[in-house]
>>> print(open('entry_5.cif').read())   # mmCIF, C-alpha atoms
data_protein
#
loop_
_atom_site.group_PDB
_atom_site.id
_atom_site.type_symbol
_atom_site.label_atom_id
_atom_site.label_comp_id
_atom_site.auth_asym_id
_atom_site.auth_seq_id
_atom_site.Cartn_x
_atom_site.Cartn_y
_atom_site.Cartn_z
ATOM 1 C CA MET A 1 -8.828 10.289 -134.009
ATOM 2 C CA GLY A 2 -5.727 12.424 -133.638
ATOM 3 C CA LYS A 3 -3.303 12.467 -130.787
ATOM 4 C CA ALA A 4 -4.784 13.967 -127.614
ATOM 5 C CA THR A 5 -3.136 17.203 -126.663
ATOM 6 C CA LEU A 6 -2.252 18.474 -123.237
ATOM 7 C CA LYS A 7 -3.321 22.051 -122.686
ATOM 8 C CA ASP A 8 -1.731 23.265 -119.469
ATOM 9 C CA VAL A 9 -2.983 26.832 -119.187
ATOM 10 C CA TYR A 10 -2.163 27.643 -115.568
ATOM 11 C CA GLY A 11 1.192 27.629 -113.859
ATOM 12 C CA ASN A 12 2.289 24.706 -111.723
ATOM 13 C CA ARG A 13 4.735 24.614 -108.819
ATOM 14 C CA ALA A 14 7.164 21.886 -107.846
ATOM 15 C CA PHE A 15 8.757 21.983 -104.386
ATOM 16 C CA GLU A 16 12.208 20.421 -104.431
ATOM 17 C CA GLN A 17 15.197 19.969 -102.134
ATOM 18 C CA VAL A 18 18.806 18.837 -102.433
ATOM 19 C CA THR A 19 21.246 18.317 -99.556
ATOM 20 C CA GLN A 20 24.944 17.852 -100.167
ATOM 21 C CA ALA A 21 26.443 14.463 -99.387
ATOM 22 C CA ALA A 22 29.352 16.368 -97.791
ATOM 23 C CA ALA A 23 30.524 19.969 -97.625
ATOM 24 C CA ASN A 24 31.913 21.284 -100.936
ATOM 25 C CA ASP A 25 30.665 18.208 -102.803
ATOM 26 C CA LEU A 26 28.692 18.423 -106.043
ATOM 27 C CA THR A 27 25.399 16.687 -105.253
ATOM 28 C CA PHE A 28 22.351 15.970 -107.431
ATOM 29 C CA GLU A 29 18.764 15.058 -106.577
ATOM 30 C CA GLN A 30 16.413 13.795 -109.288
ATOM 31 C CA ILE A 31 13.137 15.634 -109.822
ATOM 32 C CA GLN A 32 10.423 13.267 -110.947
ATOM 33 C CA PHE A 33 7.225 14.071 -112.783
ATOM 34 C CA GLY A 34 4.644 11.567 -114.007
ATOM 35 C CA VAL A 35 5.827 12.086 -117.577
ATOM 36 C CA GLY A 36 7.904 9.676 -119.652
ATOM 37 C CA LEU A 37 10.821 10.770 -121.817
ATOM 38 C CA PHE A 38 9.104 9.719 -125.056
ATOM 39 C CA GLN A 39 5.559 10.967 -124.370
ATOM 40 C CA GLY A 40 6.197 14.202 -126.254
ATOM 41 C CA ILE A 41 5.584 16.383 -123.209
ATOM 42 C CA ALA A 42 7.913 19.273 -122.505
ATOM 43 C CA MET A 43 8.176 21.688 -119.593
ATOM 44 C CA VAL A 44 8.385 25.430 -119.903
ATOM 45 C CA ILE A 45 10.116 26.731 -116.784
ATOM 46 C CA SER A 46 9.287 30.385 -116.150
ATOM 47 C CA ARG A 47 10.833 30.902 -112.711
ATOM 48 C CA VAL A 48 12.914 29.207 -110.046
ATOM 49 C CA GLU A 49 12.997 30.509 -106.493
ATOM 50 C CA TRP A 50 16.079 29.239 -104.628
ATOM 51 C CA PHE A 51 16.095 29.100 -100.815
ATOM 52 C CA PRO A 52 19.638 28.316 -99.593
ATOM 53 C CA SER A 53 19.885 27.242 -95.969
ATOM 54 C CA SER A 54 23.437 28.242 -95.209
ATOM 55 C CA ILE A 55 24.524 31.536 -96.749
ATOM 56 C CA ALA A 56 26.164 32.517 -93.454
ATOM 57 C CA GLU A 57 29.123 30.334 -94.516
ATOM 58 C CA ILE A 58 29.909 32.759 -97.341
ATOM 59 C CA VAL A 59 32.471 34.856 -95.466
ATOM 60 C CA ALA A 60 35.699 34.690 -97.489
ATOM 61 C CA ALA A 61 36.226 35.954 -101.025
ATOM 62 C CA SER A 62 36.670 32.358 -102.240
ATOM 63 C CA ASP A 63 33.436 31.003 -100.671
ATOM 64 C CA ARG A 64 30.743 29.987 -103.165
ATOM 65 C CA LEU A 65 27.277 28.485 -103.275
ATOM 66 C CA GLU A 66 26.054 27.244 -106.665
ATOM 67 C CA MET A 67 22.486 26.019 -107.292
ATOM 68 C CA ALA A 68 21.296 24.599 -110.595
ATOM 69 C CA LEU A 69 18.760 22.608 -112.554
ATOM 70 C CA THR A 70 20.448 20.121 -114.876
ATOM 71 C CA ASN A 71 19.411 17.304 -117.185
ATOM 72 C CA ARG A 72 22.263 15.029 -116.072
ATOM 73 C CA ASP A 73 23.618 13.874 -112.726
ATOM 74 C CA ASP A 74 27.134 12.948 -113.845
ATOM 75 C CA LEU A 75 28.509 16.455 -114.374
ATOM 76 C CA SER A 76 31.833 17.423 -112.799
ATOM 77 C CA ASP A 77 30.913 21.105 -112.395
ATOM 78 C CA LEU A 78 28.030 23.529 -112.880
ATOM 79 C CA SER A 79 29.550 25.711 -115.579
ATOM 80 C CA PRO A 80 26.853 27.941 -117.100
ATOM 81 C CA THR A 81 28.316 27.256 -120.557
ATOM 82 C CA ASN A 82 27.568 23.528 -120.248
ATOM 83 C CA GLN A 83 24.434 22.706 -122.292
ATOM 84 C CA ASN A 84 23.319 20.348 -119.519
ATOM 85 C CA VAL A 85 23.155 23.148 -116.934
ATOM 86 C CA LEU A 86 19.693 24.547 -117.620
ATOM 87 C CA VAL A 87 19.234 27.167 -114.890
ATOM 88 C CA LYS A 88 21.867 28.345 -112.413
ATOM 89 C CA ALA A 89 22.205 30.782 -109.529
ATOM 90 C CA CYS A 90 25.345 31.537 -107.517
ATOM 91 C CA LEU A 91 26.240 33.431 -104.364
ATOM 92 C CA ALA A 92 29.946 34.111 -103.930
ATOM 93 C CA GLY A 93 32.520 36.039 -101.978
ATOM 94 C CA ALA A 94 32.576 38.103 -98.833
ATOM 95 C CA ALA A 95 30.696 40.904 -100.590
ATOM 96 C CA ILE A 96 27.397 39.128 -99.869
ATOM 97 C CA PRO A 97 26.815 39.531 -96.142
ATOM 98 C CA ALA A 98 23.981 37.412 -94.789
ATOM 99 C CA VAL A 99 22.161 40.506 -93.534
ATOM 100 C CA MET A 100 21.907 41.852 -97.083
ATOM 101 C CA HIS A 101 20.679 38.606 -98.613
ATOM 102 C CA LYS A 102 16.954 38.136 -98.894
ATOM 103 C CA ASP A 103 15.138 34.940 -99.771
ATOM 104 C CA PRO A 104 14.578 33.814 -102.372
ATOM 105 C CA VAL A 105 17.328 34.035 -104.956
ATOM 106 C CA ILE A 106 15.307 34.281 -108.180
ATOM 107 C CA SER A 107 16.029 32.903 -111.644
ATOM 108 C CA ASP A 108 13.388 34.615 -113.813
ATOM 109 C CA LEU A 109 13.024 33.030 -117.252
ATOM 110 C CA SER A 110 9.611 34.524 -118.044
ATOM 111 C CA THR A 111 10.997 37.123 -120.438
ATOM 112 C CA LEU A 112 12.362 34.470 -122.816
ATOM 113 C CA PRO A 113 10.370 33.877 -126.024
ATOM 114 C CA GLY A 114 7.458 31.553 -125.240
ATOM 115 C CA GLY A 115 7.406 32.617 -121.594
ATOM 116 C CA GLY A 116 10.295 30.507 -120.347
ATOM 117 C CA LEU A 117 12.877 27.839 -121.048
ATOM 118 C CA ILE A 118 11.473 24.771 -122.815
ATOM 119 C CA ILE A 119 13.064 21.460 -121.802
ATOM 120 C CA PRO A 120 12.149 17.768 -121.806
ATOM 121 C CA ALA A 121 10.250 17.059 -118.560
ATOM 122 C CA ASN A 122 12.588 14.149 -117.804
ATOM 123 C CA PRO A 123 15.386 13.769 -116.856
ATOM 124 C CA LEU A 124 15.678 16.740 -114.504
ATOM 125 C CA TYR A 125 17.946 17.186 -111.471
ATOM 126 C CA MET A 126 18.549 19.819 -108.839
ATOM 127 C CA ALA A 127 22.219 20.349 -107.986
ATOM 128 C CA VAL A 128 24.239 22.095 -105.300
ATOM 129 C CA LYS A 129 27.985 22.795 -105.073
ATOM 130 C CA THR A 130 29.824 24.804 -102.458
ATOM 131 C CA ALA A 131 33.373 25.997 -101.884
ATOM 132 C CA GLY A 132 34.756 26.973 -98.495
ATOM 133 C CA TYR A 133 31.892 25.486 -96.492
ATOM 134 C CA ALA A 134 32.438 23.667 -93.191
ATOM 135 C CA ALA A 135 29.139 21.740 -93.384
ATOM 136 C CA ALA A 136 26.879 20.338 -96.073
ATOM 137 C CA ALA A 137 24.418 22.804 -97.605
ATOM 138 C CA THR A 138 20.729 22.289 -98.297
ATOM 139 C CA ILE A 139 18.847 24.088 -101.052
ATOM 140 C CA ASN A 140 15.065 24.271 -101.320
ATOM 141 C CA ALA A 141 13.527 25.470 -104.554
ATOM 142 C CA ILE A 142 10.141 26.252 -106.004
ATOM 143 C CA ILE A 143 10.001 25.680 -109.751
ATOM 144 C CA TYR A 144 7.207 27.404 -111.690
ATOM 145 C CA PHE A 145 6.318 25.711 -114.970
ATOM 146 C CA VAL A 146 3.690 24.543 -117.440
ATOM 147 C CA PHE A 147 3.644 21.335 -119.459
ATOM 148 C CA ARG A 148 3.415 21.540 -123.258
ATOM 149 C CA GLN A 149 2.376 18.714 -125.580
ATOM 150 C CA LEU A 150 4.574 18.807 -128.676
ATOM 151 C CA ALA A 151 4.160 17.232 -132.085
ATOM 152 C CA ASP A 152 6.506 14.296 -132.658
ATOM 153 C CA SER A 153 8.827 16.319 -134.906
ATOM 154 C CA GLU A 154 8.965 19.185 -132.377
ATOM 155 C CA TYR A 155 9.746 16.810 -129.536
ATOM 156 C CA ILE A 156 12.551 15.106 -131.479
ATOM 157 C CA GLU A 157 14.074 18.538 -132.100
ATOM 158 C CA LEU A 158 13.801 19.340 -128.381
ATOM 159 C CA ILE A 159 15.421 16.021 -127.367
ATOM 160 C CA GLN A 160 18.299 16.761 -129.730
ATOM 161 C CA THR A 161 19.146 19.839 -127.637
ATOM 162 C CA ILE A 162 20.162 17.607 -124.700
ATOM 163 C CA MET A 163 22.314 15.257 -126.747
ATOM 164 C CA PRO A 164 26.061 15.814 -127.002
ATOM 165 C CA ALA A 165 26.922 17.820 -130.114
ATOM 166 C CA ASN A 166 29.342 15.169 -131.393
ATOM 167 C CA LEU A 167 26.705 12.445 -131.917
#
>>> encode(input="entry_5.cif", output="structure tokens")
Amino acid sequence: MGKATLKDVYGNRAFEQVTQAAANDLTFEQIQFGVGLFQGIAMVISRVEWFPSSIAEIVAASDRLEMALTNRDDLSDLSPTNQNVLVKACLAGAAIPAVMHKDPVISDLSTLPGGGLIIPANPLYMAVKTAGYAAAATINAIIYFVFRQLADSEYIELIQTIMPANL
């Protein structure tokens, strides 16, 4: 018999939260699924809805709120050019008055080829970083995804995308 395949036809939702350890600190919270790193199961993320709790602290031009999904929890920043920052949203500056902001902040990946961003299901972290905040921020998120069973060669290629380029 061949390897059983996982056919996830309908979208799933994961409800996640991260709270900063302290104001303006980069904080990570691991997202856990019942999937091992070497089971050959990938996630295709089609949408992330971000629900920040404290946008009222964005009053000065230098105030920022960054929210991200990453595959590492030892990053020093959430630069969108870092291959380990998978999805990111940011609210910044005094030009975003709280009265004009509406929940949620949406990261829509559904227009990418294949219907979203394909990533290994583990490891996955939610991150938050602020600048100019007086108190710690909390971010809630709803992640919309499907699982995909990959052939061994496809999964090895996917895993290689999270490895440092100099290996």
>>> closest_residue(input="entry_5.cif", among="A:Pro113, A:Ala127, A:Gly93, A:Phe33", to="Asp63 in chain A", atoms="all atoms listed in the file")
A:Gly93
>>> closest_residue(input="entry_5.cif", among="A:Ala42, A:Leu86, A:Leu112, A:Leu65", to="Ala136 in chain A", atoms="only C-alpha atoms")
A:Leu65
>>> resolve_selection(input="entry_5.cif", expression="the PyMOL selection byres ((chain A and resi 142-156) around 10)", output="PyMOL selection string")
chain A and resi 3-17+35+37-51+69+104+106-110+115-121+140-141+157-161
>>> atom_distance(input="entry_5.cif", atom1="CA of Lys129 in chain A", atom2="CA of Cys90 in chain A")
9.5 Å
>>> atom_distance(input="entry_5.cif", atom1="CA of Ala21 in chain A", atom2="CA of Asn82 in chain A")
22.8 Å
>>> atom_distance(input="entry_5.cif", atom1="CA of Arg72 in chain A", atom2="CA of Asn84 in chain A")
6.4 Å
>>> resolve_selection(input="entry_5.cif", expression="the PyMOL selection byres ((chain A and resi 138) around 6)", output="list in words")
Val18, Thr19, Ser53, Ala137 and Ile139 of chain A
>>> resolve_selection(input="entry_5.cif", expression="the PyMOL selection byres ((chain A and resi 92) around 9)", output="PyMOL selection string")
chain A and resi 58-66+90-91+93-96
>>> closest_residue(input="entry_5.cif", among="A:Ile55, A:Ala89, A:Ile31, A:Leu26", to="Met126 in chain A", atoms="only C-alpha atoms")
A:Ile31
>>> closest_residue(input="entry_5.cif", among="A:Val128, A:Val105, A:Ala134, A:Ala56", to="Val85 in chain A", atoms="only C-alpha atoms")
A:Val128
